[in-house]
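So this block is target_10.cif, mmCIF, C-alpha atoms:
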```
data_query
#
loop_
_atom_site.label_atom_id
_atom_site.label_comp_id
_atom_site.auth_asym_id
_atom_site.auth_seq_id
_atom_site.Cartn_x
_atom_site.Cartn_y
_atom_site.Cartn_z
CA MET A 1 0.09 2.55 30.73
CA LYS A 2 -1.32 3.26 27.28
CA VAL A 3 0.69 2.74 24.11
CA ASN A 4 1.28 5.92 22.09
CA VAL A 5 0.28 5.15 18.50
CA GLY A 6 1.27 7.71 15.88
CA VAL A 7 -1.07 7.42 12.89
CA ILE A 8 0.65 8.87 9.81
CA PHE A 9 -1.55 9.67 6.79
CA GLY A 10 -2.10 12.05 3.86
CA GLY A 11 1.12 12.69 1.97
CA LYS A 12 2.29 13.94 -1.43
CA SER A 13 0.15 11.47 -3.35
CA VAL A 14 -2.83 11.57 -5.70
CA GLU A 15 -4.40 9.15 -3.23
CA HIS A 16 -4.12 11.76 -0.47
CA GLU A 17 -7.84 12.00 0.27
CA ILE A 18 -8.25 8.21 0.27
CA SER A 19 -5.54 8.02 2.92
CA ILE A 20 -7.45 10.54 5.07
CA ILE A 21 -10.63 8.47 4.83
CA SER A 22 -8.81 5.25 5.74
CA ALA A 23 -6.92 6.86 8.64
CA VAL A 24 -9.90 8.62 10.22
CA GLU A 25 -11.91 5.40 10.00
CA ALA A 26 -9.11 3.38 11.62
CA MET A 27 -8.53 5.95 14.39
CA GLY A 28 -12.22 5.75 15.22
CA TYR A 29 -11.94 2.00 15.81
CA MET A 30 -8.78 2.04 17.93
CA ASP A 31 -9.25 0.89 21.52
CA THR A 32 -8.70 4.06 23.57
CA ASN A 33 -8.38 1.96 26.72
CA LYS A 34 -5.16 0.54 25.24
CA TYR A 35 -3.91 3.25 22.92
CA ASN A 36 -3.28 6.96 22.99
CA VAL A 37 -4.05 7.82 19.35
CA ILE A 38 -1.87 10.62 17.95
CA PRO A 39 -2.77 11.82 14.42
CA ILE A 40 0.20 12.82 12.25
CA TYR A 41 -1.06 14.40 9.05
CA ILE A 42 1.19 15.11 6.05
CA ASP A 43 -0.20 17.69 3.64
CA LYS A 44 0.22 17.67 -0.13
CA GLU A 45 3.37 19.80 0.12
CA GLY A 46 5.00 17.40 2.57
CA THR A 47 4.55 19.41 5.79
CA TRP A 48 3.77 17.37 8.91
CA TYR A 49 1.06 18.38 11.42
CA THR A 50 -0.60 17.02 14.54
CA GLY A 51 -3.77 17.81 16.50
CA ASP A 52 -6.78 15.93 17.84
CA HIS A 53 -9.10 17.67 15.37
CA PHE A 54 -7.53 15.52 12.62
CA LYS A 55 -9.61 12.62 13.98
CA ASP A 56 -12.89 14.10 12.69
CA ILE A 57 -13.56 13.70 8.96
CA LEU A 58 -15.87 16.74 8.93
CA ASN A 59 -12.94 19.02 9.78
CA TYR A 60 -11.28 18.31 6.43
CA ARG A 61 -13.85 20.35 4.51
CA ASP A 62 -11.63 23.42 4.94
CA MET A 63 -7.96 22.44 5.11
CA ASP A 64 -6.79 26.02 5.70
CA VAL A 65 -8.77 26.13 8.93
CA VAL A 66 -7.55 22.66 9.95
CA LYS A 67 -3.90 23.65 9.53
CA ARG A 68 -4.42 26.94 11.36
CA TYR A 69 -5.22 25.10 14.57
CA ALA A 70 -2.63 22.34 14.09
CA LYS A 71 0.98 22.11 15.21
CA LYS A 72 3.75 21.64 12.67
CA VAL A 73 5.89 18.69 13.70
CA CYS A 74 8.68 16.33 12.77
CA LEU A 75 9.45 12.78 13.82
CA ILE A 76 12.98 12.31 15.13
CA ARG A 77 15.16 9.89 17.07
CA ARG A 78 16.36 11.03 20.50
CA GLY A 79 18.37 8.50 22.44
CA LYS A 80 16.37 5.29 22.45
CA SER A 81 13.04 7.00 21.81
CA CYS A 82 11.11 8.18 18.75
CA ILE A 83 9.92 11.73 19.41
CA LEU A 84 7.16 13.82 17.86
CA GLN A 85 8.65 17.30 18.10
CA SER A 86 7.08 20.67 17.38
CA LEU A 87 8.72 22.98 14.83
CA GLY A 88 9.43 26.67 15.18
CA PHE A 89 11.79 28.88 17.18
CA THR A 90 11.15 26.91 20.36
CA ARG A 91 11.07 23.20 19.71
CA ARG A 92 9.60 20.90 22.29
CA THR A 93 8.68 17.26 22.67
CA LEU A 94 4.96 16.71 22.18
CA ASN A 95 4.86 12.93 22.44
CA VAL A 96 7.06 9.87 22.63
CA ILE A 97 5.83 7.59 19.84
CA ASP A 98 5.84 3.91 20.84
CA ILE A 99 4.60 2.57 17.50
CA VAL A 100 3.66 4.10 14.14
CA PHE A 101 0.55 3.14 12.18
CA PRO A 102 1.20 4.43 8.64
CA ILE A 103 -2.08 4.55 6.73
CA GLY A 104 -0.93 6.02 3.45
CA HIS A 105 -1.72 5.12 -0.13
CA GLY A 106 0.41 5.68 -3.20
CA LEU A 107 3.78 7.32 -3.73
CA TYR A 108 5.96 8.26 -0.76
CA MET A 109 3.47 6.68 1.65
CA GLU A 110 2.91 3.07 0.55
CA ASP A 111 5.88 2.50 -1.77
CA GLY A 112 8.60 1.95 0.84
CA CYS A 113 9.75 5.58 1.24
CA LEU A 114 7.96 6.19 4.53
CA GLN A 115 8.74 2.67 5.70
CA GLY A 116 12.45 3.26 5.10
CA TYR A 117 12.34 6.44 7.17
CA LEU A 118 10.63 4.60 10.02
CA ASP A 119 13.26 1.86 9.85
CA MET A 120 15.99 4.49 10.12
CA LEU A 121 14.25 5.94 13.19
CA GLY A 122 14.17 2.46 14.70
CA VAL A 123 10.50 2.65 15.59
CA PRO A 124 8.09 -0.30 15.22
CA TYR A 125 5.41 0.25 12.58
CA VAL A 126 2.35 -1.51 11.23
CA GLY A 127 2.35 -3.03 7.76
CA SER A 128 4.83 -4.30 5.21
CA GLY A 129 8.50 -3.35 5.19
CA VAL A 130 10.45 -1.44 2.56
CA THR A 131 10.90 -4.24 0.01
CA ALA A 132 7.35 -5.60 0.11
CA SER A 133 5.90 -2.08 0.00
CA ALA A 134 8.03 -1.16 -3.04
CA ILE A 135 7.12 -4.36 -4.89
CA GLY A 136 3.43 -4.05 -4.07
CA GLN A 137 3.34 -0.47 -5.31
CA ASP A 138 5.09 -1.15 -8.63
CA LYS A 139 2.87 -3.33 -10.82
CA VAL A 140 5.79 -4.32 -13.05
CA PHE A 141 7.99 -5.52 -10.18
CA MET A 142 4.98 -7.28 -8.70
CA LYS A 143 4.18 -9.19 -11.90
CA GLN A 144 7.80 -10.21 -12.32
CA ILE A 145 7.95 -11.57 -8.77
CA LEU A 146 4.63 -13.40 -9.15
CA LYS A 147 5.72 -14.97 -12.43
CA CYS A 148 8.84 -16.36 -10.73
CA ASN A 149 6.54 -17.97 -8.15
CA ASP A 150 4.19 -19.55 -10.74
CA ILE A 151 1.32 -17.24 -9.77
CA PRO A 152 -0.83 -16.41 -12.83
CA THR A 153 -1.08 -12.78 -14.01
CA THR A 154 -2.36 -11.14 -17.18
CA ASN A 155 -0.17 -10.67 -20.26
CA TYR A 156 1.50 -7.26 -20.27
CA VAL A 157 4.28 -5.02 -21.54
CA TRP A 158 5.84 -2.03 -19.85
CA PHE A 159 7.92 0.99 -20.82
CA THR A 160 8.97 4.39 -19.56
CA ALA A 161 7.55 7.79 -20.49
CA LYS A 162 10.96 8.78 -21.88
CA GLU A 163 11.07 5.62 -23.99
CA PHE A 164 7.64 6.38 -25.44
CA GLY A 165 8.70 9.93 -26.24
CA SER A 166 11.90 8.92 -28.04
CA SER A 167 10.88 5.55 -29.56
CA LYS A 168 7.11 5.72 -29.95
CA LYS A 169 7.00 3.34 -32.93
CA LYS A 170 9.09 0.73 -31.12
CA VAL A 171 6.89 0.92 -28.02
CA LEU A 172 3.71 0.54 -30.10
CA GLU A 173 5.19 -2.49 -31.83
CA LYS A 174 5.91 -4.04 -28.45
CA ILE A 175 2.35 -3.37 -27.31
CA GLY A 176 1.18 -4.88 -30.61
CA THR A 177 2.10 -8.33 -29.28
CA LEU A 178 -0.92 -8.04 -26.97
CA ASN A 179 -4.53 -8.56 -27.98
CA TYR A 180 -7.04 -5.70 -27.81
CA PRO A 181 -8.79 -4.51 -25.72
CA VAL A 182 -6.01 -3.49 -23.33
CA TYR A 183 -5.76 -1.42 -20.16
CA VAL A 184 -3.17 1.33 -19.85
CA LYS A 185 -2.04 2.01 -16.29
CA PRO A 186 0.49 4.09 -14.36
CA ALA A 187 2.76 1.40 -12.92
CA SER A 188 2.94 2.83 -9.42
CA LEU A 189 -0.55 4.08 -8.62
CA GLY A 190 -3.67 2.53 -7.12
CA SER A 191 -7.36 3.36 -6.71
CA SER A 192 -7.84 3.06 -10.50
CA ILE A 193 -6.25 6.49 -11.02
CA GLY A 194 -5.00 7.20 -14.55
CA ILE A 195 -6.32 3.91 -15.99
CA THR A 196 -7.95 3.78 -19.42
CA ARG A 197 -9.32 1.02 -21.63
CA ALA A 198 -8.23 0.98 -25.26
CA THR A 199 -9.72 -0.91 -28.19
CA THR A 200 -7.75 0.85 -30.95
CA GLU A 201 -4.26 2.25 -31.37
CA GLN A 202 -5.65 5.79 -31.25
CA GLU A 203 -7.30 5.08 -27.88
CA LEU A 204 -4.09 3.39 -26.74
CA ILE A 205 -1.97 6.46 -27.49
CA SER A 206 -4.51 8.67 -25.75
CA GLY A 207 -4.44 6.34 -22.72
CA ILE A 208 -0.64 6.37 -22.60
CA LYS A 209 -0.62 10.18 -22.60
CA GLU A 210 -3.11 10.13 -19.72
CA ALA A 211 -1.07 7.61 -17.70
CA ILE A 212 2.15 9.60 -18.26
CA ARG A 213 0.51 12.50 -16.41
CA PHE A 214 0.75 10.40 -13.22
CA ASP A 215 3.82 8.18 -13.63
CA ASN A 216 7.04 7.80 -15.59
CA LYS A 217 6.57 4.05 -15.83
CA ILE A 218 3.61 2.64 -17.77
CA ILE A 219 2.15 -0.84 -17.99
CA VAL A 220 -0.26 -2.11 -20.64
CA GLU A 221 -2.25 -5.27 -19.90
CA GLU A 222 -4.51 -7.51 -21.95
CA GLU A 223 -8.15 -7.44 -20.96
CA ILE A 224 -9.61 -10.65 -19.56
CA LYS A 225 -12.75 -11.61 -21.42
CA HIS A 226 -15.94 -12.33 -19.44
CA VAL A 227 -14.22 -10.86 -16.41
CA LYS A 228 -15.28 -11.12 -12.80
CA GLU A 229 -13.42 -9.13 -10.12
CA VAL A 230 -12.77 -10.75 -6.76
CA ASN A 231 -10.90 -9.49 -3.69
CA ILE A 232 -9.46 -11.26 -0.66
CA SER A 233 -7.67 -9.78 2.34
CA VAL A 234 -4.74 -11.56 4.00
CA LEU A 235 -3.59 -10.90 7.56
CA GLY A 236 -0.39 -11.96 9.30
CA THR A 237 3.23 -12.67 8.46
CA TYR A 238 5.09 -15.07 6.18
CA GLU A 239 4.93 -17.78 8.85
CA ASP A 240 1.34 -17.28 10.01
CA VAL A 241 -1.49 -15.99 7.81
CA GLU A 242 -5.26 -16.06 7.62
CA THR A 243 -7.63 -15.05 4.83
CA SER A 244 -10.78 -12.95 4.95
CA GLU A 245 -14.15 -13.41 3.33
CA ILE A 246 -14.14 -13.28 -0.48
CA GLU A 247 -15.63 -10.16 -2.06
CA GLU A 248 -17.19 -10.07 -5.50
CA ILE A 249 -17.36 -6.69 -7.21
CA ASN A 250 -20.34 -6.00 -9.43
CA VAL A 251 -20.11 -2.79 -11.46
CA ASN A 252 -21.55 -1.56 -14.73
CA ASP A 253 -18.30 -0.29 -16.25
CA GLU A 254 -15.59 -2.50 -17.68
CA PHE A 255 -13.44 -1.93 -14.61
CA PHE A 256 -13.84 -0.66 -11.05
CA THR A 257 -13.23 3.07 -11.50
CA PHE A 258 -11.91 5.66 -9.05
CA LYS A 259 -15.28 7.41 -9.31
CA GLU A 260 -17.18 4.27 -8.31
CA LYS A 261 -14.77 3.51 -5.49
CA TYR A 262 -14.76 6.86 -3.77
CA VAL A 263 -16.70 9.68 -5.43
CA GLU A 264 -20.10 8.01 -5.71
CA ASN A 265 -19.86 6.36 -2.28
CA TYR A 266 -20.12 2.91 -3.87
CA SER A 267 -21.43 0.30 -1.43
CA LYS A 268 -19.52 -2.96 -1.45
CA THR A 269 -21.48 -6.18 -1.29
CA ILE A 270 -19.91 -9.21 0.33
CA LYS A 271 -21.42 -12.54 -0.59
CA LYS A 272 -20.54 -15.81 1.03
CA GLY A 273 -19.79 -19.23 -0.32
CA LYS A 274 -21.85 -20.84 -3.07
CA LYS A 275 -24.61 -18.28 -2.58
CA ALA A 276 -22.32 -15.65 -4.07
CA SER A 277 -22.36 -16.92 -7.63
CA PRO A 278 -22.23 -20.22 -9.57
CA LEU A 279 -18.80 -18.96 -10.64
CA LEU A 280 -17.29 -19.43 -7.21
CA SER A 281 -17.28 -23.15 -6.68
CA LYS A 282 -15.76 -24.57 -3.52
CA GLU A 283 -12.65 -25.56 -5.49
CA MET A 284 -12.29 -22.08 -7.00
CA MET A 285 -12.62 -20.43 -3.59
CA GLU A 286 -9.82 -22.65 -2.29
CA ASP A 287 -7.66 -21.74 -5.29
CA LEU A 288 -8.32 -18.03 -4.72
CA LYS A 289 -7.28 -18.31 -1.09
CA MET A 290 -4.17 -20.28 -2.06
CA TYR A 291 -3.10 -17.68 -4.64
CA ALA A 292 -3.84 -14.87 -2.17
CA VAL A 293 -1.60 -16.42 0.49
CA ASN A 294 1.11 -17.26 -2.06
CA THR A 295 1.08 -13.68 -3.36
CA PHE A 296 1.31 -12.31 0.18
CA LYS A 297 4.27 -14.59 0.90
CA ALA A 298 5.98 -14.06 -2.48
CA ILE A 299 6.65 -10.40 -1.72
CA ASN A 300 7.10 -11.07 2.03
CA ALA A 301 4.21 -8.81 3.00
CA ARG A 302 3.25 -8.16 6.60
CA GLY A 303 0.19 -6.91 8.43
CA VAL A 304 -2.92 -6.68 6.28
CA ALA A 305 -3.08 -6.68 2.48
CA ARG A 306 -5.77 -7.00 -0.15
CA ILE A 307 -5.20 -9.16 -3.21
CA ASP A 308 -7.32 -8.32 -6.26
CA PHE A 309 -8.19 -11.07 -8.74
CA LEU A 310 -9.60 -11.24 -12.25
CA ILE A 311 -11.52 -14.38 -13.26
CA ASP A 312 -12.54 -15.35 -16.77
CA ASP A 313 -16.16 -16.39 -16.27
CA LYS A 314 -16.03 -18.62 -19.34
CA THR A 315 -12.70 -20.44 -18.93
CA LYS A 316 -12.72 -20.17 -15.11
CA LYS A 317 -9.06 -19.10 -15.20
CA ILE A 318 -7.80 -17.04 -12.26
CA TYR A 319 -5.36 -14.13 -12.57
CA VAL A 320 -3.83 -12.03 -9.80
CA SER A 321 -4.38 -8.39 -10.70
CA GLU A 322 -2.42 -6.76 -7.85
CA ILE A 323 -1.65 -6.71 -4.15
CA ASN A 324 -2.34 -3.67 -1.99
CA THR A 325 0.04 -3.64 0.98
CA MET A 326 -1.97 -0.89 2.71
CA PRO A 327 -5.50 -1.34 1.35
CA GLY A 328 -8.18 1.32 1.49
CA SER A 329 -9.99 1.25 4.84
CA LEU A 330 -7.54 -1.53 5.80
CA SER A 331 -10.03 -3.95 4.19
CA LEU A 332 -11.91 -3.81 7.49
CA TYR A 333 -15.22 -4.71 5.83
CA LEU A 334 -13.81 -7.99 4.51
CA TRP A 335 -13.17 -9.28 8.04
CA LEU A 336 -16.59 -8.55 9.54
CA PRO A 337 -18.23 -11.70 8.09
CA LYS A 338 -15.55 -13.73 9.88
CA LYS A 339 -16.61 -12.21 13.20
CA LYS A 340 -13.43 -10.14 13.46
CA SER A 341 -14.35 -6.61 14.46
CA GLN A 342 -12.52 -3.53 13.25
CA THR A 343 -11.05 -3.01 16.71
CA GLU A 344 -9.81 -6.62 16.85
CA LEU A 345 -8.21 -6.31 13.42
CA ILE A 346 -6.36 -3.15 14.45
CA ASN A 347 -5.19 -4.85 17.66
CA ASP A 348 -3.89 -7.75 15.56
CA LEU A 349 -1.99 -5.38 13.28
CA ILE A 350 -0.33 -3.58 16.18
CA ASN A 351 0.64 -6.88 17.84
CA ILE A 352 2.13 -8.17 14.57
CA ALA A 353 4.20 -4.99 14.27
CA ILE A 354 5.49 -5.30 17.83
CA GLU A 355 6.47 -8.95 17.37
CA GLU A 356 8.23 -8.14 14.09
CA TYR A 357 10.14 -5.32 15.79
CA LYS A 358 11.25 -7.63 18.61
CA SER A 359 12.40 -10.23 16.08
CA LYS A 360 14.34 -7.65 14.07
CA ASN A 361 16.11 -6.38 17.19
CA ASN A 362 17.66 -9.83 17.63
CA LEU A 363 19.56 -9.41 14.35
CA ILE A 364 23.10 -8.02 14.08
CA LEU A 365 22.62 -4.61 12.50
CA ALA A 366 26.03 -3.11 13.29
CA PHE A 367 29.41 -4.17 14.66
CA GLU A 368 30.38 -2.84 18.07
CA ASN A 369 34.08 -2.48 17.25
CA ASN A 370 35.39 0.10 14.81
CA LEU A 371 36.66 -1.79 11.77
CA LEU A 372 38.46 1.32 10.52
CA ASP A 373 40.62 2.05 13.55
CA LYS A 374 43.47 -0.06 12.14
CA PHE A 375 43.16 1.25 8.60
CA ASP A 376 45.68 3.76 7.28
CA ILE A 377 43.58 6.10 5.16
CA LEU A 378 46.59 7.72 3.48
CA ASN A 379 48.20 4.45 2.42
CA GLY A 380 44.99 2.49 1.91
CA LYS A 381 46.14 -0.47 3.97
CA LYS A 382 45.97 -1.91 7.46
CA THR A 383 48.48 -0.72 10.04
CA ASN A 384 50.07 -2.54 12.96
CA LYS A 385 48.22 -0.29 15.36
CA THR A 386 47.03 -2.10 18.46
CA ARG A 387 44.53 -1.07 21.06
#
```
Would you mind giving the structure from this file in structure tokens?
Amino acid sequence: MKVNVGVIFGGKSVEHEISIISAVEAMGYMDTNKYNVIPIYIDKEGTWYTGDHFKDILNYRDMDVVKRYAKKVCLIRRGKSCILQSLGFTRRTLNVIDIVFPIGHGLYMEDGCLQGYLDMLGVPYVGSGVTASAIGQDKVFMKQILKCNDIPTTNYVWFTAKEFGSSKKKVLEKIGTLNYPVYVKPASLGSSIGITRATTEQELISGIKEAIRFDNKIIVEEEIKHVKEVNISVLGTYEDVETSEIEEINVNDEFFTFKEKYVENYSKTIKKGKKASPLLSKEMMEDLKMYAVNTFKAINARGVARIDFLIDDKTKKIYVSEINTMPGSLSLYLWLPKKKSQTELINDLINIAIEEYKSKNNLILAFENNLLDKFDILNGKKTNKTR
């Protein structure tokens, strides 16, 4: 019997389209001999849909047409099963969902919100849990956790949009403790959205105003001189992890922009070992893998993640830039040089999710007896009532 895999993607996020790309790619690599793949698309207004035509990327050119032939649905708990149910006057069960594969990026999808809902439904799902997802999405929380675990990150300050509006001078003074150039970022977004580089206070203020358009929490980081960007993917759980090939990013701009990542169809180049660059010595590659694993474990991530690094080419110092708990395209390309196919990686992720679900079910999540049946609500004390 095939396993029903509900692939949830899209969502109310500025990374909506990136989620679609990642999900369609992953669905194409799922082993249809093992899995019955059920697309569950969430539009930008938060409405849920399903339909096999969501598996074809070409169909997304006209979303109005796509939705016209789709079924509106909701995901609910019925008895011991997770049900994909149609909406409307007559509601009916479309599928029993055995496991959910959430492939969302950004707010409401990757930040723990969706994961919390799936936990409440009691359905196994791929990827990190609520806490790790929330930490990975919030760059401030992430840096604070990494610092406590002696994992190097760039110097930074953070503040809220409201704080900047009411105490602009104070915020600028706090940022003044950093050295220019700096990067201004929305604290809870990915894919380089809303990020600007500032070399003067005027550019800084302009960058803050841009970041506030996307988030109420802003982080400003010092630029690393002579920077080299490096990525590593980590797969597994806290107890058992493996690392992917190391990727070096070579771009013309100061940082890897959203446009380069997705609009211009930028082609990633993976280079191995010492052939990659004199920068990546054997010792440095081992350090990168160590920090990648330590970062993965520090936030108790699960499934697949991508850790982004910044390296000072002159001092050879390594800094963790961020961890992506649901990376674009699931970092599939990083595993190919290690002879792990896309289908094998997806199988691994589903198996990890199932094992985690089994382990969680062994925990005490509720007491069988009613602790309140001997409590006198009116008097606020226990009674002598016996069963």
Residues at most 12 Å from A:Ala292, counting all atoms listed in the file, excluding those fewer than 5 positions away in the same chain, as a JSON list (two decimals) with C-alpha atoms, in the coordinates of the input?
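Written out: result_28.json:
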```
[["chain", "number", "residue", "atom", "x", "y", "z"],
["A", 146, "LEU", "CA", 4.63, -13.40, -9.15],
["A", 151, "ILE", "CA", 1.32, -17.24, -9.77],
["A", 152, "PRO", "CA", -0.83, -16.41, -12.83],
["A", 230, "VAL", "CA", -12.77, -10.75, -6.76],
["A", 231, "ASN", "CA", -10.90, -9.49, -3.69],
["A", 232, "ILE", "CA", -9.46, -11.26, -0.66],
["A", 233, "SER", "CA", -7.67, -9.78, 2.34],
["A", 234, "VAL", "CA", -4.74, -11.56, 4.00],
["A", 235, "LEU", "CA", -3.59, -10.90, 7.56],
["A", 241, "VAL", "CA", -1.49, -15.99, 7.81],
["A", 242, "GLU", "CA", -5.26, -16.06, 7.62],
["A", 243, "THR", "CA", -7.63, -15.05, 4.83],
["A", 244, "SER", "CA", -10.78, -12.95, 4.95],
["A", 245, "GLU", "CA", -14.15, -13.41, 3.33],
["A", 246, "ILE", "CA", -14.14, -13.28, -0.48],
["A", 285, "MET", "CA", -12.62, -20.43, -3.59],
["A", 286, "GLU", "CA", -9.82, -22.65, -2.29],
["A", 287, "ASP", "CA", -7.66, -21.74, -5.29],
["A", 297, "LYS", "CA", 4.27, -14.59, 0.90],
["A", 298, "ALA", "CA", 5.98, -14.06, -2.48],
["A", 299, "ILE", "CA", 6.65, -10.40, -1.72],
["A", 301, "ALA", "CA", 4.21, -8.81, 3.00],
["A", 304, "VAL", "CA", -2.92, -6.68, 6.28],
["A", 305, "ALA", "CA", -3.08, -6.68, 2.48],
["A", 306, "ARG", "CA", -5.77, -7.00, -0.15],
["A", 307, "ILE", "CA", -5.20, -9.16, -3.21],
["A", 308, "ASP", "CA", -7.32, -8.32, -6.26],
["A", 309, "PHE", "CA", -8.19, -11.07, -8.74],
["A", 318, "ILE", "CA", -7.80, -17.04, -12.26],
["A", 319, "TYR", "CA", -5.36, -14.13, -12.57],
["A", 320, "VAL", "CA", -3.83, -12.03, -9.80],
["A", 321, "SER", "CA", -4.38, -8.39, -10.70],
["A", 322, "GLU", "CA", -2.42, -6.76, -7.85],
["A", 323, "ILE", "CA", -1.65, -6.71, -4.15],
["A", 324, "ASN", "CA", -2.34, -3.67, -1.99]]
```
Margin query: At a cut-off of 12 Å around the point (2.4, 12.6, -14.0) (file coordinates), what residues fall inside when counting all atoms listed in the file? I'd like the answer as a VMD selection string.
Written below: chain A and resid 13 to 14 107 160 to 161 185 to 189 193 to 194 208 to 218
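Among the candidates A:Asn4, A:Thr177, A:Gln342, A:Asn155, the residue lying nearest to A:Tyr125 is A:Asn4 (atoms considered: only C-alpha atoms).
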Check: Suppose you want the space between atom CA of A:Glu25 and atom CA of A:Asn294; what is it in Å?
Finding: 28.8 Å
Written as a PDB file with C-alpha atoms, keeping the file's coordinate frame, what is the full residue list that the PyMOL selection byres ((chain A and resi 102) around 10) yields on the file shown?
```pdb
ATOM      1  CA  VAL A   5       0.280   5.150  18.500  1.00  0.00           C
ATOM      2  CA  GLY A   6       1.270   7.710  15.880  1.00  0.00           C
ATOM      3  CA  VAL A   7      -1.070   7.420  12.890  1.00  0.00           C
ATOM      4  CA  ILE A   8       0.650   8.870   9.810  1.00  0.00           C
ATOM      5  CA  PHE A   9      -1.550   9.670   6.790  1.00  0.00           C
ATOM      6  CA  GLY A  10      -2.100  12.050   3.860  1.00  0.00           C
ATOM      7  CA  SER A  19      -5.540   8.020   2.920  1.00  0.00           C
ATOM      8  CA  ALA A  23      -6.920   6.860   8.640  1.00  0.00           C
ATOM      9  CA  ILE A  40       0.200  12.820  12.250  1.00  0.00           C
ATOM     10  CA  ILE A  99       4.600   2.570  17.500  1.00  0.00           C
ATOM     11  CA  VAL A 100       3.660   4.100  14.140  1.00  0.00           C
ATOM     12  CA  PHE A 101       0.550   3.140  12.180  1.00  0.00           C
ATOM     13  CA  ILE A 103      -2.080   4.550   6.730  1.00  0.00           C
ATOM     14  CA  GLY A 104      -0.930   6.020   3.450  1.00  0.00           C
ATOM     15  CA  HIS A 105      -1.720   5.120  -0.130  1.00  0.00           C
ATOM     16  CA  MET A 109       3.470   6.680   1.650  1.00  0.00           C
ATOM     17  CA  GLU A 110       2.910   3.070   0.550  1.00  0.00           C
ATOM     18  CA  LEU A 114       7.960   6.190   4.530  1.00  0.00           C
ATOM     19  CA  GLN A 115       8.740   2.670   5.700  1.00  0.00           C
ATOM     20  CA  LEU A 118      10.630   4.600  10.020  1.00  0.00           C
ATOM     21  CA  TYR A 125       5.410   0.250  12.580  1.00  0.00           C
ATOM     22  CA  VAL A 126       2.350  -1.510  11.230  1.00  0.00           C
ATOM     23  CA  GLY A 127       2.350  -3.030   7.760  1.00  0.00           C
ATOM     24  CA  MET A 326      -1.970  -0.890   2.710  1.00  0.00           C
TER      25      MET A 326
END
```
Next item on the list: One decimal, Å: what's the distance from atom CA of A:Ser128 over to atom CA of A:Ile97, could you say?
Entry: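 Between these atoms lies a distance of 18.9 Å.
Between atom CA of A:Arg91 and atom CA of A:Val123 the separation is 21.0 Å.
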Item checked: Closest of A:Trp335, A:Asn361, A:Tyr41, A:Lys314 to A:His226 - atom-to-atom distances counting all atoms listed in the file ->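 Of A:Trp335, A:Asn361, A:Tyr41, A:Lys314, the one nearest A:His226 is A:Lys314, counting all atoms listed in the file.
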Margin query: I'd like the residues picked by the PyMOL selection byres ((chain A and resi 36) around 8) written out as a list in words, using the chain letters and numbers from the file.
Written below: Lys2, Val3, Asn4, Val5, Thr32, Lys34, Tyr35, Val37 and Ile38 of chain A
Next item on the list: For A:Ile18, list every protein, DNA or RNA residue within 8 Å, evaluated using all atoms listed in the file, and leave out those in the same chain fewer than 3 positions away; present the list as JSON, numbers by chain.
Entry: {"A": [15, 21, 22, 105, 262, 328]}
May I have the residues from that selection written out with C-alpha atoms, as a CSV table (one decimal), keeping the file's coordinate frame?
```
chain,number,residue,atom,x,y,z
A,15,GLU,CA,-4.4,9.2,-3.2
A,21,ILE,CA,-10.6,8.5,4.8
A,22,SER,CA,-8.8,5.2,5.7
A,105,HIS,CA,-1.7,5.1,-0.1
A,262,TYR,CA,-14.8,6.9,-3.8
A,328,GLY,CA,-8.2,1.3,1.5
```
Checklist line | Nearest to A:Lys139, chosen from A:Leu288, A:Ile205, A:Val184, A:Leu178, with all atoms listed in the file counted in the distances | finding: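 Closest to A:Lys139, using all atoms listed in the file: A:Val184.
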